[in-house]
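See below for query.json, which holds JSON, C-alpha atoms.
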```json
[["chain", "number", "residue", "atom", "x", "y", "z"],
["A", 1, "PRO", "CA", 0.00, 0.00, 0.00],
["A", 2, "ASN", "CA", 1.16, 3.54, -0.75],
["A", 3, "GLN", "CA", 0.66, 6.74, 1.24],
["A", 4, "ASN", "CA", -2.73, 7.36, -0.37],
["A", 5, "SER", "CA", -4.17, 3.96, 0.52],
["A", 6, "ARG", "CA", -6.90, 3.84, 3.14],
["A", 7, "LYS", "CA", -9.12, 1.33, 4.85],
["A", 8, "ILE", "CA", -12.77, 0.98, 3.94],
["A", 9, "ILE", "CA", -15.08, -0.89, 6.32],
["A", 10, "VAL", "CA", -18.02, -2.60, 4.65],
["A", 11, "ARG", "CA", -21.00, -3.97, 6.59],
["A", 12, "PHE", "CA", -23.09, -6.62, 4.85],
["A", 13, "LEU", "CA", -26.80, -7.03, 5.47],
["A", 14, "ASN", "CA", -26.68, -10.51, 3.98],
["A", 15, "TYR", "CA", -24.12, -13.03, 5.27],
["A", 16, "ALA", "CA", -24.12, -14.84, 1.93],
["A", 17, "ASP", "CA", -22.84, -11.66, 0.27],
["A", 18, "LYS", "CA", -19.92, -11.52, 2.68],
["A", 19, "VAL", "CA", -19.05, -15.16, 1.99],
["A", 20, "SER", "CA", -19.13, -14.46, -1.76],
["A", 21, "VAL", "CA", -16.81, -11.45, -1.43],
["A", 22, "MET", "CA", -14.33, -13.27, 0.82],
["A", 23, "THR", "CA", -14.34, -16.31, -1.48],
["A", 24, "ASN", "CA", -13.55, -14.20, -4.55],
["A", 25, "ALA", "CA", -10.97, -11.98, -2.82],
["A", 26, "LYS", "CA", -8.22, -14.22, -4.21],
["A", 27, "TYR", "CA", -8.83, -12.78, -7.68],
["A", 28, "LEU", "CA", -7.56, -9.39, -6.46],
["A", 29, "LYS", "CA", -4.04, -10.75, -6.03],
["A", 30, "GLY", "CA", -1.52, -8.35, -7.56],
["A", 31, "LYS", "CA", -4.00, -5.46, -7.79],
["A", 32, "ASN", "CA", -2.88, -3.73, -4.57],
["A", 33, "ILE", "CA", -6.32, -4.25, -3.04],
["A", 34, "PHE", "CA", -6.63, -6.35, 0.10],
["A", 35, "ILE", "CA", -9.74, -7.75, 1.74],
["A", 36, "SER", "CA", -9.84, -9.20, 5.24],
["A", 37, "ASN", "CA", -12.24, -9.57, 8.13],
["A", 38, "ASP", "CA", -12.47, -6.62, 10.51],
["A", 39, "TYR", "CA", -11.73, -8.54, 13.70],
["A", 40, "PRO", "CA", -11.54, -6.94, 17.18],
["A", 41, "THR", "CA", -8.11, -6.65, 18.79],
["A", 42, "GLU", "CA", -8.61, -9.70, 21.02],
["A", 43, "ILE", "CA", -9.33, -11.95, 18.03],
["A", 44, "LEU", "CA", -6.30, -10.58, 16.16],
["A", 45, "GLN", "CA", -4.10, -11.36, 19.16],
["A", 46, "ARG", "CA", -5.41, -14.92, 19.30],
["A", 47, "GLN", "CA", -4.85, -15.36, 15.58],
["A", 48, "LYS", "CA", -1.27, -14.19, 15.98],
["A", 49, "ALA", "CA", -0.78, -16.73, 18.75],
["A", 50, "LEU", "CA", -2.25, -19.47, 16.55],
["A", 51, "ARG", "CA", 0.13, -19.00, 13.61],
["A", 52, "PRO", "CA", 2.99, -21.11, 15.02],
["A", 53, "LEU", "CA", 0.45, -23.83, 15.81],
["A", 54, "LEU", "CA", -0.93, -23.67, 12.29],
["A", 55, "LYS", "CA", 2.48, -24.57, 10.86],
["A", 56, "ALA", "CA", 2.65, -27.64, 13.10],
["A", 57, "ALA", "CA", -0.94, -28.57, 12.25],
["A", 58, "ARG", "CA", -0.30, -28.35, 8.50],
["A", 59, "SER", "CA", 2.53, -30.87, 8.79],
["A", 60, "ILE", "CA", -0.24, -33.35, 9.55],
["A", 61, "ASP", "CA", -3.20, -31.81, 7.73],
["A", 62, "PRO", "CA", -2.14, -29.55, 4.80],
["A", 63, "LYS", "CA", -5.68, -28.14, 4.65],
["A", 64, "ALA", "CA", -5.58, -26.80, 8.22],
["A", 65, "VAL", "CA", -6.55, -23.11, 8.42],
["A", 66, "ILE", "CA", -7.17, -20.40, 11.00],
["A", 67, "GLN", "CA", -10.88, -19.65, 11.24],
["A", 68, "ASP", "CA", -11.71, -16.67, 13.42],
["A", 69, "ASP", "CA", -9.81, -17.47, 16.65],
["A", 70, "GLN", "CA", -9.61, -21.25, 16.17],
["A", 71, "ILE", "CA", -7.86, -23.76, 13.89],
["A", 72, "ARG", "CA", -9.86, -25.98, 11.57],
["A", 73, "PHE", "CA", -7.91, -29.23, 11.69],
["A", 74, "LYS", "CA", -9.15, -32.34, 9.85],
["A", 75, "GLY", "CA", -12.57, -30.74, 9.47],
["A", 76, "THR", "CA", -13.03, -29.86, 13.15],
["A", 77, "LEU", "CA", -12.58, -26.50, 14.87],
["A", 78, "HIS", "CA", -10.09, -26.48, 17.75],
["A", 79, "THR", "CA", -9.18, -23.87, 20.34],
["A", 80, "ILE", "CA", -5.58, -23.22, 21.39],
["A", 81, "ASP", "CA", -6.03, -25.62, 24.30],
["A", 82, "SER", "CA", -7.67, -28.49, 22.39],
["A", 83, "ILE", "CA", -5.25, -28.44, 19.42],
["A", 84, "GLN", "CA", -2.31, -28.88, 21.80],
["A", 85, "ASN", "CA", -3.76, -32.23, 22.84],
["A", 86, "ILE", "CA", -3.55, -33.44, 19.22],
["A", 87, "ILE", "CA", -0.28, -32.12, 17.80],
["A", 88, "ASN", "CA", 3.17, -31.90, 19.39],
["A", 89, "THR", "CA", 3.79, -28.28, 20.32],
["A", 90, "ASN", "CA", 6.60, -28.75, 22.84],
["A", 91, "ASN", "CA", 9.34, -27.60, 20.45],
["A", 92, "ILE", "CA", 7.48, -24.58, 19.08],
["A", 93, "GLY", "CA", 9.19, -21.45, 20.36],
["A", 94, "LEU", "CA", 12.46, -23.21, 21.27],
["A", 95, "GLN", "CA", 15.89, -22.56, 19.79],
["A", 96, "GLU", "CA", 19.19, -24.01, 20.95],
["A", 97, "SER", "CA", 22.31, -21.88, 20.85],
["A", 98, "ASN", "CA", 25.54, -23.23, 22.32],
["A", 99, "ASN", "CA", 24.75, -23.99, 25.96],
["A", 100, "ASN", "CA", 21.61, -21.85, 25.92],
["A", 101, "LEU", "CA", 18.02, -22.82, 25.22],
["A", 102, "LEU", "CA", 16.00, -19.83, 24.05],
["A", 103, "PHE", "CA", 12.25, -19.95, 24.52],
["A", 104, "SER", "CA", 9.38, -17.66, 23.59],
["A", 105, "GLY", "CA", 5.60, -17.69, 23.15],
["A", 106, "GLU", "CA", 2.87, -19.81, 24.67],
["A", 107, "TYR", "CA", 3.44, -23.27, 23.22],
["A", 108, "THR", "CA", 6.55, -24.42, 25.02],
["A", 109, "PRO", "CA", 5.85, -25.63, 28.59],
["A", 110, "VAL", "CA", 8.75, -23.64, 30.07],
["A", 111, "SER", "CA", 7.11, -20.35, 29.09],
["A", 112, "ASN", "CA", 4.87, -18.54, 31.58],
["A", 113, "PHE", "CA", 2.47, -17.98, 28.69],
["A", 114, "TYR", "CA", 2.00, -21.73, 28.17],
["A", 115, "HIS", "CA", -1.67, -22.65, 28.54],
["A", 116, "CYS", "CA", -2.03, -24.96, 31.55],
["A", 117, "LYS", "CA", -4.42, -25.40, 34.45],
["A", 118, "LEU", "CA", -3.02, -24.26, 37.80],
["A", 119, "SER", "CA", -4.74, -24.21, 41.19],
["A", 120, "ASP", "CA", -3.61, -21.78, 43.86],
["A", 121, "GLU", "CA", -5.07, -19.23, 46.27],
["A", 122, "ASN", "CA", -8.38, -21.16, 46.11],
["A", 123, "SER", "CA", -8.68, -20.21, 42.44],
["A", 124, "THR", "CA", -7.95, -21.77, 39.05],
["A", 125, "PHE", "CA", -5.63, -20.13, 36.51],
["A", 126, "ASN", "CA", -4.99, -20.68, 32.79],
["A", 127, "SER", "CA", -1.22, -20.09, 32.94],
["A", 128, "ALA", "CA", 1.71, -19.22, 35.17],
["A", 129, "GLU", "CA", 1.49, -15.66, 33.83],
["A", 130, "GLN", "CA", -2.07, -15.24, 35.07],
["A", 131, "LEU", "CA", -1.16, -16.72, 38.46],
["A", 132, "TYR", "CA", 1.88, -14.46, 38.82],
["A", 133, "GLN", "CA", -0.03, -11.30, 37.88],
["A", 134, "PHE", "CA", -2.77, -12.26, 40.35],
["A", 135, "LYS", "CA", -0.16, -12.74, 43.08],
["A", 136, "ARG", "CA", 1.31, -9.32, 42.24],
["A", 137, "ALA", "CA", -2.01, -7.52, 42.53],
["A", 138, "THR", "CA", -2.91, -9.37, 45.74],
["A", 139, "SER", "CA", 0.48, -8.73, 47.35],
["A", 140, "LEU", "CA", 0.26, -5.02, 46.54],
["A", 141, "GLN", "CA", -3.30, -4.87, 47.90],
["A", 142, "GLN", "CA", -4.99, -4.00, 44.63],
["A", 143, "PRO", "CA", -8.05, -6.32, 44.75],
["A", 144, "ASP", "CA", -9.94, -4.70, 41.86],
["A", 145, "ILE", "CA", -7.08, -5.46, 39.47],
["A", 146, "ALA", "CA", -6.72, -8.96, 40.94],
["A", 147, "ARG", "CA", -10.37, -9.67, 40.13],
["A", 148, "GLU", "CA", -9.91, -8.44, 36.55],
["A", 149, "ILE", "CA", -6.85, -10.66, 36.15],
["A", 150, "LEU", "CA", -8.91, -13.67, 37.25],
["A", 151, "LYS", "CA", -11.33, -12.93, 34.40],
["A", 152, "ALA", "CA", -8.55, -12.90, 31.75],
["A", 153, "ASP", "CA", -9.13, -15.49, 29.02],
["A", 154, "THR", "CA", -5.49, -15.67, 27.93],
["A", 155, "PRO", "CA", -2.02, -15.19, 29.48],
["A", 156, "TYR", "CA", -1.51, -12.09, 27.34],
["A", 157, "GLN", "CA", -4.70, -10.50, 28.65],
["A", 158, "ALA", "CA", -3.48, -11.14, 32.20],
["A", 159, "LEU", "CA", -0.18, -9.46, 31.33],
["A", 160, "ILE", "CA", -1.90, -6.40, 29.86],
["A", 161, "ILE", "CA", -4.14, -6.02, 32.91],
["A", 162, "GLY", "CA", -1.14, -6.52, 35.17],
["A", 163, "ARG", "CA", 0.58, -3.52, 33.64],
["A", 164, "SER", "CA", -1.85, -1.30, 35.53],
["A", 165, "ILE", "CA", -0.53, -2.59, 38.89],
["A", 166, "LYS", "CA", 1.35, 0.10, 40.77],
["A", 167, "SER", "CA", 4.46, -0.98, 42.67],
["A", 168, "PRO", "CA", 7.58, 0.72, 44.07],
["A", 169, "PRO", "CA", 10.80, 0.30, 42.00],
["A", 170, "GLU", "CA", 12.48, -2.00, 44.52],
["A", 171, "TRP", "CA", 9.46, -4.33, 44.80],
["A", 172, "LEU", "CA", 10.31, -6.35, 41.70],
["A", 173, "GLN", "CA", 13.85, -7.16, 42.88],
["A", 174, "THR", "CA", 12.60, -8.61, 46.16],
["A", 175, "THR", "CA", 8.95, -9.58, 46.48],
["A", 176, "GLY", "CA", 8.47, -9.86, 42.72],
["A", 177, "ILE", "CA", 11.19, -12.51, 42.39],
["A", 178, "ALA", "CA", 9.85, -14.38, 45.43],
["A", 179, "LEU", "CA", 6.35, -14.50, 43.94],
["A", 180, "MET", "CA", 7.71, -15.67, 40.59],
["A", 181, "THR", "CA", 9.60, -18.45, 42.39],
["A", 182, "ASP", "CA", 6.38, -19.51, 44.15],
["A", 183, "THR", "CA", 4.53, -19.44, 40.83],
["A", 184, "LEU", "CA", 7.09, -21.64, 39.09],
["A", 185, "ASN", "CA", 7.15, -24.10, 41.99],
["A", 186, "THR", "CA", 3.37, -24.42, 41.70],
["A", 187, "LYS", "CA", 3.70, -25.04, 37.98],
["A", 188, "LEU", "CA", 6.47, -27.58, 38.57],
["A", 189, "GLN", "CA", 4.21, -29.58, 40.89],
["A", 190, "GLN", "CA", 1.08, -29.41, 38.72],
["A", 191, "VAL", "CA", 2.28, -29.47, 35.09],
["A", 192, "PRO", "CA", 4.18, -32.66, 34.15],
["A", 193, "LYS", "CA", 5.23, -31.32, 30.74],
["A", 194, "PHE", "CA", 7.01, -28.43, 32.47],
["A", 195, "SER", "CA", 9.17, -30.69, 34.63],
["A", 196, "GLN", "CA", 9.77, -33.05, 31.69],
["A", 197, "GLN", "CA", 11.10, -30.23, 29.52],
["A", 198, "LEU", "CA", 13.35, -28.99, 32.31],
["A", 199, "LYS", "CA", 14.79, -32.47, 32.74],
["A", 200, "GLN", "CA", 15.17, -32.96, 28.99],
["A", 201, "HIS", "CA", 17.35, -29.84, 28.74],
["A", 202, "ARG", "CA", 18.89, -29.96, 32.21],
["A", 203, "ASN", "CA", 22.34, -29.08, 30.87],
["A", 204, "LYS", "CA", 21.13, -25.92, 29.15],
["A", 205, "LYS", "CA", 20.69, -22.39, 30.42],
["A", 206, "PHE", "CA", 17.07, -21.35, 29.83],
["A", 207, "VAL", "CA", 16.77, -17.90, 28.30],
["A", 208, "GLU", "CA", 13.48, -16.11, 27.67],
["A", 209, "ALA", "CA", 14.01, -14.46, 24.29],
["A", 210, "SER", "CA", 11.83, -11.40, 24.76],
["A", 211, "SER", "CA", 12.15, -7.63, 24.83],
["A", 212, "ASN", "CA", 11.56, -7.70, 28.60],
["A", 213, "ALA", "CA", 14.80, -6.44, 30.10],
["A", 214, "PHE", "CA", 14.17, -7.88, 33.57],
["A", 215, "TRP", "CA", 12.75, -11.37, 33.12],
["A", 216, "GLY", "CA", 14.09, -11.89, 29.60],
["A", 217, "SER", "CA", 17.21, -11.39, 27.52],
["A", 218, "GLY", "CA", 16.01, -8.04, 26.22],
["A", 219, "VAL", "CA", 16.13, -9.33, 22.63],
["A", 220, "PRO", "CA", 13.02, -10.95, 21.09],
["A", 221, "MET", "CA", 13.17, -14.32, 19.36],
["A", 222, "SER", "CA", 12.25, -12.66, 16.07],
["A", 223, "SER", "CA", 15.48, -10.64, 16.08],
["A", 224, "PRO", "CA", 18.42, -11.99, 14.04],
["A", 225, "LYS", "CA", 20.55, -11.19, 17.09],
["A", 226, "ALA", "CA", 18.43, -13.26, 19.49],
["A", 227, "THR", "CA", 21.16, -15.90, 19.91],
["A", 228, "GLU", "CA", 24.03, -13.42, 20.40],
["A", 229, "SER", "CA", 24.47, -13.47, 24.18],
["A", 230, "ALA", "CA", 26.90, -10.53, 24.07],
["A", 231, "GLY", "CA", 24.01, -8.30, 23.06],
["A", 232, "TRP", "CA", 21.58, -9.43, 25.74],
["A", 233, "LYS", "CA", 20.56, -6.43, 27.81],
["A", 234, "GLY", "CA", 18.18, -8.21, 30.16],
["A", 235, "HIS", "CA", 18.78, -9.93, 33.47],
["A", 236, "ASN", "CA", 16.96, -13.12, 32.39]]
```

Kindly transcribe the structure held in the file into structure tokens.
Amino acid sequence: PNQNSRKIIVRFLNYADKVSVMTNAKYLKGKNIFISNDYPTEILQRQKALRPLLKAARSIDPKAVIQDDQIRFKGTLHTIDSIQNIINTNNIGLQESNNNLLFSGEYTPVSNFYHCKLSDENSTFNSAEQLYQFKRATSLQQPDIAREILKADTPYQALIIGRSIKSPPEWLQTTGIALMTDTLNTKLQQVPKFSQQLKQHRNKKFVEASSNAFWGSGVPMSSPKATESAGWKGHN
């Protein structure tokens, strides 16, 4: 698209008309005109998270596609959680580099964004990230935010809500690390795939390849310099 291009939102009164337009959109290839569904931000985020899974799914079913915020695999729609019970996702988001094992995303069990059921604080959580953010809000006596975090459907939603938590600068270095340790111990006890992956790569140093300069390396996995430890700015 050039500087003069602009988006046009079209609302159809007849669903069949929309299907016809989307079906024939392929004939616009090469004409600098693009047609796509106008999804809300939450759906777009879920679709982005599904793309690595789609690649793994297509190795089994070449016709697998993303449909809204699910994957159609062998003729059946699957959520992020259900598709992981069918295809092997353990190595998605992993990259070995010398003695380091870089990880990123929500499909490898060592990631806090990995979808898994955790029970703690008399509540159930969908990931270590949601549990940690809940612990943060509770520890800092911000119950309204804690309740919103409990409602989060995905780890990324929990993270976004958690960004509104107010804490003193020194809190993260002390209480924050202690709460993260508690969170990971809970995950270690309740998620067998997590402990299995740790044992499988016991001789490696686990590095979160993300732009987070405290918990991660400070360099995202998508960067060509992700494996260059000399350029890591984070504490990991």

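Computed from the coordinates, the CA of Cys116 (chain A) to CA of Val191 (chain A) distance equals 7.2 Å.
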
Counting all atoms listed in the file, which residue out of A:Asn100, A:Thr41, A:Asn203, A:Leu53 sits closest to His78 (chain A)? A:Leu53

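Take the candidates A:Ile8, A:Ala209, A:Ala152, A:Leu118 and check each one against Thr227 (chain A) using only C-alpha atoms; the shortest distance goes to A:Ala209.
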
Thr183 (chain A) environment, 12 Å, all atoms listed in the file, sequence neighbours closer than 2 positions dropped, as an MDAnalysis selection string: chainID A and resid 112 118:121 125 127:136 176:181 185:191

Selection above as a file: C-alpha atoms, as a tab-separated table (two decimals), keeping the file's coordinate frame:
```tsv
chain	number	residue	atom	x	y	z
A	112	ASN	CA	4.87	-18.54	31.58
A	118	LEU	CA	-3.02	-24.26	37.80
A	119	SER	CA	-4.74	-24.21	41.19
A	120	ASP	CA	-3.61	-21.78	43.86
A	121	GLU	CA	-5.07	-19.23	46.27
A	125	PHE	CA	-5.63	-20.13	36.51
A	127	SER	CA	-1.22	-20.09	32.94
A	128	ALA	CA	1.71	-19.22	35.17
A	129	GLU	CA	1.49	-15.66	33.83
A	130	GLN	CA	-2.07	-15.24	35.07
A	131	LEU	CA	-1.16	-16.72	38.46
A	132	TYR	CA	1.88	-14.46	38.82
A	133	GLN	CA	-0.03	-11.30	37.88
A	134	PHE	CA	-2.77	-12.26	40.35
A	135	LYS	CA	-0.16	-12.74	43.08
A	136	ARG	CA	1.31	-9.32	42.24
A	176	GLY	CA	8.47	-9.86	42.72
A	177	ILE	CA	11.19	-12.51	42.39
A	178	ALA	CA	9.85	-14.38	45.43
A	179	LEU	CA	6.35	-14.50	43.94
A	180	MET	CA	7.71	-15.67	40.59
A	181	THR	CA	9.60	-18.45	42.39
A	185	ASN	CA	7.15	-24.10	41.99
A	186	THR	CA	3.37	-24.42	41.70
A	187	LYS	CA	3.70	-25.04	37.98
A	188	LEU	CA	6.47	-27.58	38.57
A	189	GLN	CA	4.21	-29.58	40.89
A	190	GLN	CA	1.08	-29.41	38.72
A	191	VAL	CA	2.28	-29.47	35.09
```

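Straight-line separation from CA of His115 (chain A) to CA of Asp81 (chain A): 6.8 Å.
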
Dump as a PyMOL selection string all residues having an atom at most 10 Å from (3.4, -23.2, 26.3), computed in the file's coordinates with all atoms listed in the file. chain A and resi 81+84+89-93+103-116+127-128+193-194

How would the residues just picked look written out with C-alpha atoms as a PDB file, keeping the file's coordinate frame?
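Final output, saved to part_18.pdb:
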```pdb
ATOM      1  CA  ASP A  81      -6.030 -25.620  24.300  1.00  0.00           C
ATOM      2  CA  GLN A  84      -2.310 -28.880  21.800  1.00  0.00           C
ATOM      3  CA  THR A  89       3.790 -28.280  20.320  1.00  0.00           C
ATOM      4  CA  ASN A  90       6.600 -28.750  22.840  1.00  0.00           C
ATOM      5  CA  ASN A  91       9.340 -27.600  20.450  1.00  0.00           C
ATOM      6  CA  ILE A  92       7.480 -24.580  19.080  1.00  0.00           C
ATOM      7  CA  GLY A  93       9.190 -21.450  20.360  1.00  0.00           C
ATOM      8  CA  PHE A 103      12.250 -19.950  24.520  1.00  0.00           C
ATOM      9  CA  SER A 104       9.380 -17.660  23.590  1.00  0.00           C
ATOM     10  CA  GLY A 105       5.600 -17.690  23.150  1.00  0.00           C
ATOM     11  CA  GLU A 106       2.870 -19.810  24.670  1.00  0.00           C
ATOM     12  CA  TYR A 107       3.440 -23.270  23.220  1.00  0.00           C
ATOM     13  CA  THR A 108       6.550 -24.420  25.020  1.00  0.00           C
ATOM     14  CA  PRO A 109       5.850 -25.630  28.590  1.00  0.00           C
ATOM     15  CA  VAL A 110       8.750 -23.640  30.070  1.00  0.00           C
ATOM     16  CA  SER A 111       7.110 -20.350  29.090  1.00  0.00           C
ATOM     17  CA  ASN A 112       4.870 -18.540  31.580  1.00  0.00           C
ATOM     18  CA  PHE A 113       2.470 -17.980  28.690  1.00  0.00           C
ATOM     19  CA  TYR A 114       2.000 -21.730  28.170  1.00  0.00           C
ATOM     20  CA  HIS A 115      -1.670 -22.650  28.540  1.00  0.00           C
ATOM     21  CA  CYS A 116      -2.030 -24.960  31.550  1.00  0.00           C
ATOM     22  CA  SER A 127      -1.220 -20.090  32.940  1.00  0.00           C
ATOM     23  CA  ALA A 128       1.710 -19.220  35.170  1.00  0.00           C
ATOM     24  CA  LYS A 193       5.230 -31.320  30.740  1.00  0.00           C
ATOM     25  CA  PHE A 194       7.010 -28.430  32.470  1.00  0.00           C
TER      26      PHE A 194
END
```

Kindly give the distance, in Å, that separates CA of Leu150 (chain A) and CA of Asn126 (chain A), rounded to a single decimal.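 Going from CA of Leu150 (chain A) over to CA of Asn126 (chain A), I get 9.2 Å.
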
I'd like to know which of A:Ala56, A:Ile83, A:Leu50, A:Leu140 is closest to Asp69 (chain A), using only C-alpha atoms. A:Leu50

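Of the listed residues A:Leu94, A:Leu54, A:Ile60, A:Leu198, the one whose atoms come nearest to Thr79 (chain A) is A:Leu54, with distances taken using all atoms listed in the file.
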
When distances are computed from only C-alpha atoms, which of A:Thr175, A:Ser167, A:Asn37, A:Asn32 shows the smallest separation from Val10 (chain A)?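 That would be A:Asn37, the residue with the smallest distance to Val10 (chain A).
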
Residues within 12 Å of Arg163 (chain A), please, as a ChimeraX atom specification. Count only C-alpha atoms; anything in the same chain fewer than 2 positions from it doesn't count. /A:133-134,136-137,145-146,148-149,156-161,165-167

Find the residue from A:Arg46, A:Arg11, A:Lys74, A:His235 that sits nearest to Asp153 (chain A); use all atoms listed in the file when measuring.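 Checking each of A:Arg46, A:Arg11, A:Lys74, A:His235 against Asp153 (chain A), counting all atoms listed in the file, the winner is A:Arg46.
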
So that I can see what lies close to Lys204 (chain A), please list as a short mmCIF file (atom, residue, chain, number, x, y, z; two decimals) with C-alpha atoms, keeping the file's coordinate frame the residues with an atom at most 12 Å from it, counting only C-alpha atoms and leaving out residues fewer than 6 positions away in the same chain.
```cif
data_model
loop_
_atom_site.label_atom_id
_atom_site.label_comp_id
_atom_site.auth_asym_id
_atom_site.auth_seq_id
_atom_site.Cartn_x
_atom_site.Cartn_y
_atom_site.Cartn_z
CA GLN A 95 15.89 -22.56 19.79
CA GLU A 96 19.19 -24.01 20.95
CA SER A 97 22.31 -21.88 20.85
CA ASN A 98 25.54 -23.23 22.32
CA ASN A 99 24.75 -23.99 25.96
CA ASN A 100 21.61 -21.85 25.92
CA LEU A 101 18.02 -22.82 25.22
CA LEU A 102 16.00 -19.83 24.05
CA PHE A 103 12.25 -19.95 24.52
CA GLN A 197 11.10 -30.23 29.52
CA LEU A 198 13.35 -28.99 32.31
#
```

Skip region 214-218 of chain A itself and residues of its chain fewer than 6 positions away, then list as a CSV table (one decimal) with C-alpha atoms, keeping the file's coordinate frame all residues within 8 Å of it, counting all atoms listed in the file.
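What ended up in part-v8.csv:
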```csv
chain,number,residue,atom,x,y,z
A,207,VAL,CA,16.8,-17.9,28.3
A,208,GLU,CA,13.5,-16.1,27.7
A,232,TRP,CA,21.6,-9.4,25.7
A,233,LYS,CA,20.6,-6.4,27.8
A,234,GLY,CA,18.2,-8.2,30.2
A,235,HIS,CA,18.8,-9.9,33.5
A,236,ASN,CA,17.0,-13.1,32.4
```
